[in-house]
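File shown: input-v8.txt (compact mmCIF, C-alpha atoms).
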# COMPACT_ATOMS: atom_id res chain seq x y z
CA MET A 1 98.24 105.49 76.06
CA LEU A 2 101.30 107.25 74.68
CA ILE A 3 99.64 110.57 75.52
CA VAL A 4 99.13 109.32 79.06
CA LEU A 5 102.83 108.52 79.51
CA VAL A 6 103.97 111.81 77.98
CA SER A 7 101.58 113.71 80.25
CA MET A 8 102.87 111.87 83.32
CA ILE A 9 106.49 112.63 82.39
CA PHE A 10 105.62 116.29 81.87
CA MET A 11 103.81 116.28 85.21
CA SER A 12 106.99 115.15 86.99
CA PHE A 13 108.45 118.62 86.37
CA MET A 14 105.47 120.40 87.94
CA TYR A 15 105.71 121.45 91.55
CA TYR A 16 102.35 123.16 92.01
CA SER A 17 99.56 120.98 93.35
CA VAL A 18 96.78 122.56 91.27
CA ASP A 19 98.61 121.82 88.03
CA VAL A 20 99.36 118.29 89.15
CA LEU A 21 95.77 117.60 90.14
CA LEU A 22 94.43 119.01 86.88
CA ALA A 23 96.93 116.90 84.92
CA LEU A 24 95.93 113.76 86.79
CA LEU A 25 92.24 114.52 86.30
CA SER A 26 92.79 115.07 82.57
CA ILE A 27 94.66 111.79 82.28
CA SER A 28 91.87 109.98 84.12
CA ILE A 29 89.29 111.37 81.68
CA LEU A 30 91.54 110.36 78.79
CA ILE A 31 91.80 106.79 80.05
CA VAL A 32 88.03 106.59 80.41
CA ALA A 33 87.68 107.77 76.81
CA LEU A 34 90.23 105.23 75.57
CA ASN A 35 88.41 102.48 77.41
CA ASN A 36 85.47 102.92 75.03
CA TYR A 37 87.75 101.92 72.17
CA ASN A 38 90.00 98.91 71.88
CA TYR A 39 93.02 101.19 71.92
CA GLN A 40 96.40 99.48 71.91
CA MET A 41 99.93 100.81 71.43
CA PHE A 42 103.38 99.54 72.40
CA GLY A 43 101.93 96.55 74.30
CA LEU A 44 99.66 98.73 76.46
CA LEU A 45 95.95 98.04 76.57
CA VAL A 46 93.02 99.36 78.60
CA SER A 47 90.14 97.11 77.74
CA ASP A 48 88.57 95.24 80.66
CA TYR A 49 86.84 96.05 83.94
CA CYS A 50 89.69 94.94 86.23
CA SER A 51 92.37 96.93 84.41
CA MET A 52 90.15 99.99 84.23
CA SER A 53 89.34 99.81 87.94
CA MET A 54 92.99 99.56 88.93
CA VAL A 55 94.06 102.44 86.70
CA MET A 56 91.37 104.75 88.04
CA MET A 57 92.17 103.74 91.64
CA THR A 58 95.85 104.48 91.01
CA MET A 59 95.08 107.91 89.62
CA TRP A 60 92.76 108.76 92.50
CA ILE A 61 95.24 107.71 95.20
CA MET A 62 98.07 109.53 93.45
CA MET A 63 96.04 112.74 93.60
CA GLY A 64 96.00 112.38 97.38
CA VAL A 65 99.70 111.56 97.51
CA TYR A 66 100.52 114.68 95.49
CA LEU A 67 98.69 116.75 98.09
CA VAL A 68 100.92 115.22 100.78
CA VAL A 69 104.25 115.80 98.96
CA MET A 70 103.47 119.03 97.08
CA ASN A 71 105.97 121.06 99.14
CA THR A 72 108.90 118.69 98.44
CA PRO A 73 109.86 118.77 94.74
CA HIS A 74 112.12 115.70 94.81
CA LYS A 75 109.29 113.60 96.24
CA VAL A 76 106.98 114.90 93.52
CA ASN A 77 109.42 113.47 90.97
CA PHE A 78 109.47 110.10 92.70
CA VAL A 79 105.69 109.97 92.91
CA SER A 80 105.43 110.83 89.22
CA CYS A 81 107.82 108.02 88.31
CA ILE A 82 105.84 105.56 90.42
CA SER A 83 102.64 106.72 88.72
CA ILE A 84 104.09 106.05 85.28
CA VAL A 85 105.29 102.58 86.23
CA MET A 86 102.09 101.48 87.95
CA ILE A 87 99.75 102.72 85.25
CA SER A 88 101.90 100.94 82.67
CA PHE A 89 101.71 97.74 84.72
CA PHE A 90 97.91 97.79 85.00
CA CYS A 91 97.60 98.56 81.27
CA SER A 92 100.10 95.92 80.16
CA ASP A 93 99.02 93.38 77.60
CA ASP A 94 102.52 92.04 77.03
CA MET A 95 103.75 89.71 79.78
CA ILE A 96 107.35 90.88 79.39
CA LEU A 97 106.37 94.53 79.81
CA MET A 98 104.20 93.55 82.76
CA PHE A 99 107.16 91.81 84.43
CA ILE A 100 109.47 94.76 83.80
CA MET A 101 107.05 97.26 85.32
CA PHE A 102 106.40 94.86 88.19
CA GLU A 103 110.10 94.92 89.10
CA ILE A 104 110.80 98.59 88.36
CA SER A 105 108.08 99.62 90.81
CA LEU A 106 110.32 98.47 93.66
CA ILE A 107 113.06 100.99 92.93
CA PRO A 108 111.25 104.24 93.90
CA ILE A 109 109.82 102.63 97.06
CA PHE A 110 113.28 101.33 97.96
CA ILE A 111 114.71 104.84 97.56
CA LEU A 112 111.90 106.35 99.65
CA VAL A 113 112.45 103.88 102.49
CA MET A 114 116.25 104.21 102.40
CA GLY A 115 116.37 107.96 101.87
CA GLU A 116 113.41 109.22 103.88
CA GLY A 117 113.38 106.75 106.76
CA VAL A 118 114.52 108.09 110.12
CA SER A 119 115.70 105.02 112.04
CA PRO A 120 118.62 102.66 111.37
CA GLU A 121 116.15 99.80 110.92
CA ARG A 122 115.25 101.23 107.52
CA LEU A 123 118.29 99.42 106.08
CA THR A 124 116.95 96.06 107.23
CA ALA A 125 113.42 96.86 106.09
CA SER A 126 114.50 97.92 102.60
CA MET A 127 116.75 94.88 102.19
CA TRP A 128 113.99 92.53 103.31
CA MET A 129 111.61 94.10 100.83
CA MET A 130 114.06 93.79 97.94
CA MET A 131 115.17 90.25 98.77
CA TYR A 132 111.65 88.87 99.19
CA THR A 133 110.32 90.39 96.00
CA MET A 134 113.38 89.85 93.82
CA VAL A 135 113.86 86.20 94.82
CA GLY A 136 110.17 85.50 94.26
CA SER A 137 110.35 87.05 90.79
CA VAL A 138 113.12 84.76 89.53
CA PRO A 139 110.78 81.75 88.91
CA LEU A 140 108.35 83.99 87.03
CA LEU A 141 111.16 85.27 84.81
CA MET A 142 112.31 81.70 84.07
CA ILE A 143 108.79 80.69 83.06
CA ILE A 144 108.44 83.70 80.75
CA ILE A 145 111.76 82.77 79.11
CA TYR A 146 110.53 79.18 78.77
CA PHE A 147 107.33 80.34 77.05
CA LEU A 148 109.30 82.56 74.68
CA SER A 149 111.69 79.75 73.75
CA LYS A 150 108.86 77.26 73.14
CA SER A 151 106.50 79.53 71.25
CA GLY A 152 109.12 81.24 69.10
CA VAL A 153 107.46 84.66 69.36
CA SER A 154 108.90 87.97 70.51
CA SER A 155 106.10 88.84 72.95
CA LEU A 156 103.49 87.08 75.07
CA SER A 157 100.02 88.50 75.45
CA MET A 158 98.31 88.00 78.79
CA LEU A 159 94.96 88.30 77.08
CA ASN A 160 95.71 86.03 74.12
CA TYR A 161 95.37 82.45 75.33
CA SER A 162 96.28 80.70 72.07
CA ILE A 163 100.04 80.91 72.62
CA MET A 164 100.03 80.26 76.35
CA THR A 165 97.67 77.30 76.61
CA SER A 166 99.74 75.24 74.18
CA TYR A 167 102.56 74.94 76.71
CA LEU A 168 100.81 74.61 80.06
CA PHE A 169 101.57 71.61 82.26
CA THR A 170 98.28 70.90 83.95
CA GLU A 171 99.75 68.26 86.26
CA ASP A 172 102.91 70.09 87.29
CA TYR A 173 101.99 71.91 90.49
CA TYR A 174 105.48 73.28 91.01
CA PHE A 175 105.05 75.08 87.70
CA ILE A 176 101.97 76.87 89.05
CA TYR A 177 103.66 77.76 92.35
CA CYS A 178 106.58 79.30 90.46
CA PHE A 179 104.20 81.26 88.27
CA LEU A 180 102.30 82.66 91.27
CA MET A 181 105.16 83.12 93.74
CA ALA A 182 106.13 86.65 92.67
CA PHE A 183 102.54 87.86 92.92
CA LEU A 184 101.84 86.07 96.20
CA ILE A 185 104.86 87.74 97.82
CA LYS A 186 103.70 91.14 96.58
CA VAL A 187 100.16 90.72 98.01
CA PRO A 188 101.54 89.35 100.47
CA LEU A 189 100.35 85.84 101.33
CA PHE A 190 100.62 84.70 104.95
CA PHE A 191 104.08 83.18 105.69
CA LEU A 192 105.49 85.51 102.99
CA HIS A 193 104.42 88.74 104.67
CA SER A 194 107.35 89.49 107.00
CA TRP A 195 108.77 92.22 104.77
CA LEU A 196 105.60 94.33 104.62
CA PRO A 197 105.17 95.44 108.29
CA LYS A 198 108.85 96.37 108.46
CA ALA A 199 108.61 98.37 105.22
CA HIS A 200 105.52 100.21 106.45
CA VAL A 201 107.04 101.11 109.81
CA GLU A 202 110.22 102.52 108.30
CA SER A 203 108.79 104.25 105.24
CA PRO A 204 107.53 107.86 105.19
CA LEU A 205 103.84 108.68 104.87
CA GLU A 206 103.79 108.85 101.08
CA GLY A 207 105.67 105.53 100.89
CA SER A 208 103.12 103.81 103.11
CA MET A 209 100.23 105.27 101.12
CA ILE A 210 101.65 104.04 97.82
CA LEU A 211 102.74 100.68 99.23
CA ALA A 212 99.40 99.82 100.85
CA GLY A 213 97.19 101.66 98.39
CA ILE A 214 98.60 100.49 95.06
CA MET A 215 101.63 98.19 95.18
CA LEU A 216 99.84 95.38 97.02
CA LYS A 217 97.13 95.49 94.35
CA MET A 218 99.74 94.77 91.68
CA GLY A 219 100.12 91.29 93.14
CA VAL A 220 96.37 90.66 93.15
CA TYR A 221 96.05 91.95 89.59
CA GLY A 222 98.81 89.56 88.47
CA ILE A 223 97.06 86.62 90.16
CA ILE A 224 93.80 87.49 88.40
CA ARG A 225 95.60 87.47 85.05
CA VAL A 226 97.29 84.15 85.82
CA MET A 227 93.99 82.58 86.83
CA PHE A 228 92.63 83.50 83.41
CA LEU A 229 95.44 81.40 81.94
CA PHE A 230 94.94 78.56 84.44
CA PRO A 231 91.16 78.31 84.94
CA TRP A 232 91.49 74.94 86.67
CA ILE A 233 93.58 76.33 89.58
CA PRO A 234 90.66 76.78 92.06
CA ASN A 235 89.69 73.09 91.81
CA SER A 236 93.25 71.81 92.08
CA TYR A 237 95.57 71.08 94.98
CA PRO A 238 97.51 74.38 94.61
CA GLY A 239 94.29 76.36 94.68
CA MET A 240 92.97 74.61 97.78
CA LEU A 241 96.31 74.98 99.55
CA LEU A 242 96.54 78.69 98.82
CA LEU A 243 92.90 79.14 99.85
CA THR A 244 93.59 77.44 103.19
CA ILE A 245 96.74 79.45 103.87
CA SER A 246 95.08 82.74 103.01
CA ILE A 247 91.97 82.27 105.17
CA ILE A 248 94.08 81.11 108.13
CA GLY A 249 96.46 84.02 107.55
CA SER A 250 93.62 86.53 107.54
CA VAL A 251 92.56 85.35 111.01
CA PHE A 252 96.08 85.21 112.49
CA THR A 253 97.15 88.61 111.18
CA SER A 254 93.88 90.14 112.46
CA TRP A 255 94.77 89.08 116.00
CA LEU A 256 98.39 90.15 115.45
CA SER A 257 97.18 93.65 114.59
CA VAL A 258 95.45 93.76 117.98
CA SER A 259 98.43 92.45 119.95
CA VAL A 260 101.22 94.71 118.63
CA SER A 261 102.03 97.90 120.54
CA ASP A 262 103.26 99.87 117.50
CA VAL A 263 100.16 101.53 116.06
CA LYS A 264 101.63 101.78 112.55
CA MET A 265 102.56 98.12 112.55
CA GLY A 266 99.01 97.36 113.71
CA VAL A 267 97.64 99.08 110.60
CA ALA A 268 100.18 97.14 108.50
CA PHE A 269 99.04 93.79 109.94
CA SER A 270 95.43 94.84 109.40
CA SER A 271 96.33 95.51 105.76
CA VAL A 272 97.86 92.02 105.46
CA SER A 273 94.71 90.55 106.98
CA HIS A 274 92.44 92.26 104.46
CA MET A 275 94.60 91.17 101.54
CA ASN A 276 94.63 87.54 102.70
CA PHE A 277 90.85 87.54 103.00
CA LEU A 278 90.78 88.97 99.48
CA LEU A 279 92.97 86.10 98.27
CA SER A 280 90.80 83.48 99.95
CA SER A 281 87.77 84.93 98.18
CA LEU A 282 89.63 85.18 94.87
CA PHE A 283 90.76 81.53 94.88
CA LEU A 284 87.13 80.40 94.99
CA ALA A 285 87.01 81.65 91.38
CA LYS A 286 83.31 82.40 91.41
CA CYS A 287 81.88 85.43 89.65
CA MET A 288 80.71 86.82 92.99
CA SER A 289 84.08 86.21 94.67
CA VAL A 290 86.06 87.89 91.88
CA THR A 291 83.76 90.92 92.10
CA SER A 292 84.26 90.86 95.86
CA SER A 293 88.05 90.90 95.38
CA ILE A 294 87.90 93.94 93.11
CA PHE A 295 85.66 95.79 95.58
CA ILE A 296 87.97 94.98 98.49
CA MET A 297 91.02 96.08 96.48
CA ILE A 298 89.53 99.48 95.76
CA SER A 299 88.21 100.04 99.28
CA HIS A 300 91.41 98.85 100.93
CA GLY A 301 93.55 101.07 98.70
CA LEU A 302 91.63 104.19 99.65
CA CYS A 303 91.00 103.38 103.31
CA SER A 304 94.48 102.13 104.24
CA SER A 305 96.10 105.23 102.74
CA MET A 306 94.10 107.43 105.09
CA LEU A 307 94.72 105.19 108.09
CA PHE A 308 98.45 105.60 107.60
CA TYR A 309 97.99 109.36 107.50
CA ILE A 310 96.04 109.26 110.78
CA VAL A 311 98.65 107.20 112.63
CA THR A 312 101.47 109.29 111.14
CA HIS A 313 99.85 112.48 112.47
CA MET A 314 99.47 110.81 115.87
CA TYR A 315 103.17 109.93 115.79
CA HIS A 316 104.25 113.48 114.87
CA SER A 317 102.02 114.90 117.59
CA SER A 318 103.27 112.66 120.40
CA ASN A 319 106.72 111.54 119.14
CA TYR A 320 105.70 107.97 120.03
CA ARG A 321 104.34 105.05 118.07
CA ASN A 322 103.54 103.00 121.14
CA ILE A 323 99.78 102.83 121.51
CA LEU A 324 99.98 103.36 125.29
CA PHE A 325 101.60 106.80 124.83
CA MET A 326 99.13 107.96 122.17
CA LYS A 327 95.94 107.76 124.19
CA GLY A 328 93.58 110.60 123.32
CA ILE A 329 96.03 112.33 120.98
CA ASN A 330 93.27 113.29 118.49
CA SER A 331 90.65 114.25 121.07
CA VAL A 332 91.24 118.02 120.87
CA PHE A 333 90.73 118.17 117.09
CA PRO A 334 87.06 117.44 116.27
CA ILE A 335 87.61 117.31 112.51
CA LEU A 336 90.43 114.78 112.92
CA THR A 337 88.28 112.75 115.32
CA PHE A 338 85.51 112.66 112.73
CA ILE A 339 87.87 111.63 109.92
CA SER A 340 89.42 108.98 112.16
CA PHE A 341 85.99 107.60 113.06
CA VAL A 342 84.88 107.36 109.43
CA ASN A 343 88.08 105.68 108.27
CA TRP A 344 88.16 103.13 111.09
CA CYS A 345 84.52 102.33 110.31
CA PHE A 346 85.45 101.80 106.69
CA ASN A 347 88.34 99.58 107.82
CA LEU A 348 85.92 97.30 109.69
CA SER A 349 83.70 97.27 106.57
CA ALA A 350 80.73 99.09 107.99
CA PRO A 351 78.16 100.59 105.61
CA PRO A 352 77.96 102.89 103.77
CA SER A 353 81.23 101.84 102.11
CA ILE A 354 82.11 99.62 99.22
CA SER A 355 84.24 97.50 101.57
CA PHE A 356 81.00 96.34 103.20
CA MET A 357 79.73 95.07 99.85
CA GLY A 358 83.05 93.43 99.05
CA GLU A 359 83.36 91.49 102.29
CA MET A 360 79.68 90.58 102.25
CA LEU A 361 80.02 89.07 98.77
CA GLY A 362 83.17 87.24 99.87
CA PHE A 363 81.46 85.89 102.97
CA ILE A 364 78.49 84.66 100.91
CA SER A 365 80.85 82.92 98.47
CA MET A 366 82.70 81.13 101.29
CA THR A 367 79.47 80.14 103.04
CA SER A 368 78.28 78.48 99.85
CA ILE A 369 81.44 76.34 99.73
CA SER A 370 82.07 75.20 103.30
CA ILE A 371 80.87 75.83 106.83
CA VAL A 372 84.50 75.85 107.99
CA LEU A 373 85.30 78.75 105.67
CA SER A 374 82.20 80.50 107.00
CA ILE A 375 83.38 80.14 110.61
CA MET A 376 86.88 81.33 109.75
CA SER A 377 85.41 84.34 107.97
CA CYS A 378 83.35 85.20 111.04
CA VAL A 379 86.45 85.05 113.25
CA TYR A 380 88.30 87.30 110.79
CA ILE A 381 85.46 89.84 110.80
CA LEU A 382 85.31 89.76 114.61
CA ALA A 383 89.05 90.27 115.06
CA GLY A 384 89.23 93.02 112.42
CA SER A 385 86.29 94.86 113.95
CA PHE A 386 87.81 94.68 117.43
CA GLN A 387 91.12 96.04 116.17
CA SER A 388 89.46 98.95 114.37
CA LEU A 389 87.28 99.92 117.33
CA PHE A 390 90.16 99.56 119.80
CA SER A 391 92.48 101.74 117.69
CA TYR A 392 89.82 104.42 117.33
CA VAL A 393 89.08 104.50 121.07
CA ILE A 394 92.78 104.70 121.98
CA GLY A 395 93.44 107.62 119.67
CA ASN A 396 90.31 109.68 120.18
CA HIS A 397 89.06 109.18 123.74
CA SER A 398 90.37 109.99 127.22
CA PHE A 399 92.82 112.85 127.83
CA MET A 400 96.48 113.49 127.18
CA GLU A 401 98.38 116.56 128.36
CA GLU A 402 100.55 116.69 125.26
CA CYS A 403 97.46 116.94 123.05
CA HIS A 404 97.14 120.65 123.72
CA LYS A 405 100.76 121.22 122.72
CA SER A 406 100.49 119.44 119.37
CA ALA A 407 99.69 121.24 116.14
CA GLY A 408 96.38 120.66 114.43
CA PRO A 409 96.09 118.91 111.09
CA ASP A 410 97.01 120.81 107.94
CA ILE A 411 93.99 121.84 105.86
CA ARG A 412 95.72 120.40 102.82
CA ILE A 413 95.85 116.98 104.44
CA LEU A 414 92.24 117.22 105.54
CA VAL A 415 91.27 117.83 101.92
CA CYS A 416 93.28 114.72 101.05
CA CYS A 417 91.33 112.69 103.62
CA LEU A 418 87.97 113.86 102.29
CA HIS A 419 89.25 113.16 98.78
CA MET A 420 89.86 109.52 99.77
CA MET A 421 86.61 109.05 101.67
CA LEU A 422 84.28 110.37 98.98
CA PRO A 423 84.66 107.45 96.48
CA LEU A 424 84.06 104.85 99.20
CA ILE A 425 80.64 106.31 99.92
CA MET A 426 79.72 107.13 96.33
CA MET A 427 80.57 103.64 95.04
CA PHE A 428 78.40 102.10 97.75
CA MET A 429 75.46 104.13 96.48
CA PHE A 430 76.04 102.92 92.91
CA THR A 431 76.92 99.31 93.74
CA SER A 432 74.14 97.94 91.54
CA PHE A 433 75.72 99.75 88.59
CA LEU A 434 79.17 98.33 89.43
CA LEU A 435 77.79 94.81 89.73
Step by step, read the file and then write its structure as structure tokens.
Amino acid sequence: MLIVLVSMIFMSFMYYSVDVLLALLSISILIVALNNYNYQMFGLLVSDYCSMSMVMMTMWIMMGVYLVVMNTPHKVNFVSCISIVMISFFCSDDMILMFIMFEISLIPIFILVMGEGVSPERLTASMWMMMYTMVGSVPLLMIIIYFLSKSGVSSLSMLNYSIMTSYLFTEDYYFIYCFLMAFLIKVPLFFLHSWLPKAHVESPLEGSMILAGIMLKMGVYGIIRVMFLFPWIPNSYPGMLLLTISIIGSVFTSWLSVSVSDVKMGVAFSSVSHMNFLLSSLFLAKCMSVTSSIFIMISHGLCSSMLFYIVTHMYHSSNYRNILFMKGINSVFPILTFISFVNWCFNLSAPPSISFMGEMLGFISMTSISIVLSIMSCVYILAGSFQSLFSYVIGNHSFMEECHKSAGPDIRILVCCLHMMLPLIMMFMFTSFLL
């Protein structure tokens, strides 16, 4: 793992995309090799399926982000720093190191939103993002300090239950809420999601790709680790409450994504909807539902990154983000129409994509628990499908005079789109192996 970090630091000084892509590919192969051994150093560990999946997803998305920012050296440095922090978070065995990386990841995104945003609202968006996440992390920090004071050790392993389970209050629900609050805000859970659409709207393309593709998954990964420490959560009052909020939130945010006029905010609300459905499946704590959550995380990370590229290109071509002024903006570029069609189909979880398998497994898990959850899941699928189809039709059909004056997509970005779409199809073909 030390070699991985040194390679990422060295990569931050590279400005040529080929070198960066080869470095990332080499690091990915190295992590796969280390996964075959129980390799541990400085509190970093790559040992289980969830951690391995998140690391590989991070590396794959970062390859696409490097293609987007390859002509701006200062952004390459920021992306490299974010890569180091996020890989360290997903490989963390020590809870203290995990918390540190969890908080440090906000700094580069905050700088991107503040420095690269174009409207005055970026100040409000960045402050909302920092306040929500920092305030939610205070209870988690207090609990970590409490564990350290009670156990008398210098570090806390997330994978070693012997220290943690000696000090768990199984009847104190406020204790569980405080433990989960930082991760629920990062996902984000419905009622705690106000910061995310604002951050997406005001951030540049690379910021939105990193935020939706990777940073939201940090919250889900933390919840999975916490549920290993608290296996009774799904059958308790906190688990049922969070399950109810998340499934209701997935339905409400799906309809919100249809109703908003800002196309980028619509994609942001669609992202919140997918993540809340993921949470509702995760809190069932079945083997099938946990597998469903991992599938949805991977598919959402790849698909949402490309959706933000599509709407960003539409914005640069028309100088509007209002959906009424963007009608038919992609219609004169067949390759962009094709890429848009495939990505919107993946967003509504149509086969052949791994998102189809993830949502199908989640739907089966909810149907086995309650008919009410089954009905809510159907409404969520209906609303999400309508939003995806509506957004595709608006951007790729009819006619717009300004379309002929807009520049076509850069071949470098098209390669990035194909780079993101390929794993979604390939993983669907090898789903039996993943299961």
With only C-alpha atoms as the atoms that count, which of A:Trp60, A:Phe333, A:Tyr132, A:Phe295 lies nearest to Glu359 (chain A)?
->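 For Glu359 (chain A), the nearest of the candidates is A:Phe295.
Of the listed residues A:Met98, A:Met56, A:Leu382, A:Met70, the one whose atoms come nearest to Ser250 (chain A) is A:Leu382, with distances taken using all atoms listed in the file.
With distances taken over all atoms listed in the file, A:Asn396 is the one residue among A:Asn396, A:Thr124, A:Ser246, A:Ser257 lying closest to Met314 (chain A).
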Tell me which protein, DNA and RNA residues are within 12 Å of Met131 (chain A), counting only C-alpha atoms, leaving out same-chain ones fewer than 2 positions away, and put them as a ChimeraX atom specification.
-> /A:103,106,110,124-129,133-138,182,185-186,192,194-196
Between CA of Ser203 (chain A) and CA of Val113 (chain A) - distance in Å to one decimal | 4.6 Å
Could you name the residues that touch Val68 (chain A) at 8 Å or less, counting only C-alpha atoms, but leaving out those on the same chain fewer than 4 positions away, as a PDB file with C-alpha atoms, keeping the file's coordinate frame?
ATOM      1  CA  GLY A  64      96.000 112.380  97.380  1.00  0.00           C
ATOM      2  CA  GLU A 206     103.790 108.850 101.080  1.00  0.00           C
ATOM      3  CA  ARG A 412      95.720 120.400 102.820  1.00  0.00           C
ATOM      4  CA  ILE A 413      95.850 116.980 104.440  1.00  0.00           C
ATOM      5  CA  CYS A 416      93.280 114.720 101.050  1.00  0.00           C
TER       6      CYS A 416
END
Could you model all heavy atoms for region 75-82 of chain A and present them as a short mmCIF file (atom, residue, chain, number, x, y, z; two decimals), keeping the file's coordinate frame?
data_model
loop_
_atom_site.label_atom_id
_atom_site.label_comp_id
_atom_site.auth_asym_id
_atom_site.auth_seq_id
_atom_site.Cartn_x
_atom_site.Cartn_y
_atom_site.Cartn_z
N LYS A 75 110.28 114.65 96.04
CA LYS A 75 109.29 113.60 96.24
C LYS A 75 108.23 113.62 95.15
O LYS A 75 107.70 112.57 94.77
CB LYS A 75 108.64 113.77 97.61
CG LYS A 75 109.55 113.45 98.78
CD LYS A 75 108.79 113.51 100.10
CE LYS A 75 109.70 113.18 101.27
NZ LYS A 75 108.98 113.24 102.56
N VAL A 76 107.92 114.81 94.64
CA VAL A 76 106.98 114.90 93.52
C VAL A 76 107.51 114.12 92.32
O VAL A 76 106.77 113.42 91.62
CB VAL A 76 106.71 116.37 93.15
CG1 VAL A 76 105.88 116.48 91.88
CG2 VAL A 76 106.00 117.08 94.29
N ASN A 77 108.81 114.22 92.07
CA ASN A 77 109.42 113.47 90.97
C ASN A 77 109.32 111.97 91.19
O ASN A 77 109.01 111.21 90.26
CB ASN A 77 110.88 113.88 90.81
CG ASN A 77 111.04 115.30 90.29
OD1 ASN A 77 110.17 115.80 89.59
ND2 ASN A 77 112.12 115.95 90.64
N PHE A 78 109.57 111.52 92.41
CA PHE A 78 109.47 110.10 92.70
C PHE A 78 108.05 109.60 92.53
O PHE A 78 107.81 108.53 91.96
CB PHE A 78 109.96 109.82 94.13
CG PHE A 78 111.44 109.61 94.23
CD1 PHE A 78 112.23 110.56 94.85
CD2 PHE A 78 112.04 108.48 93.70
CE1 PHE A 78 113.60 110.38 94.94
CE2 PHE A 78 113.41 108.29 93.79
CZ PHE A 78 114.20 109.26 94.41
N VAL A 79 107.09 110.38 93.03
CA VAL A 79 105.69 109.97 92.91
C VAL A 79 105.27 109.92 91.45
O VAL A 79 104.51 109.03 91.04
CB VAL A 79 104.80 110.93 93.72
CG1 VAL A 79 103.33 110.67 93.45
CG2 VAL A 79 105.09 110.78 95.21
N SER A 80 105.75 110.85 90.64
CA SER A 80 105.43 110.83 89.22
C SER A 80 106.00 109.59 88.54
O SER A 80 105.33 108.96 87.71
CB SER A 80 105.97 112.09 88.55
OG SER A 80 105.41 113.25 89.13
N CYS A 81 107.23 109.23 88.88
CA CYS A 81 107.82 108.02 88.31
C CYS A 81 107.03 106.77 88.71
O CYS A 81 106.78 105.88 87.88
CB CYS A 81 109.27 107.89 88.77
SG CYS A 81 110.38 109.15 88.14
N ILE A 82 106.63 106.71 89.97
CA ILE A 82 105.84 105.56 90.42
C ILE A 82 104.51 105.51 89.69
O ILE A 82 104.02 104.43 89.32
CB ILE A 82 105.63 105.64 91.94
CG1 ILE A 82 106.97 105.53 92.67
CG2 ILE A 82 104.70 104.54 92.42
CD1 ILE A 82 106.89 105.77 94.16
#
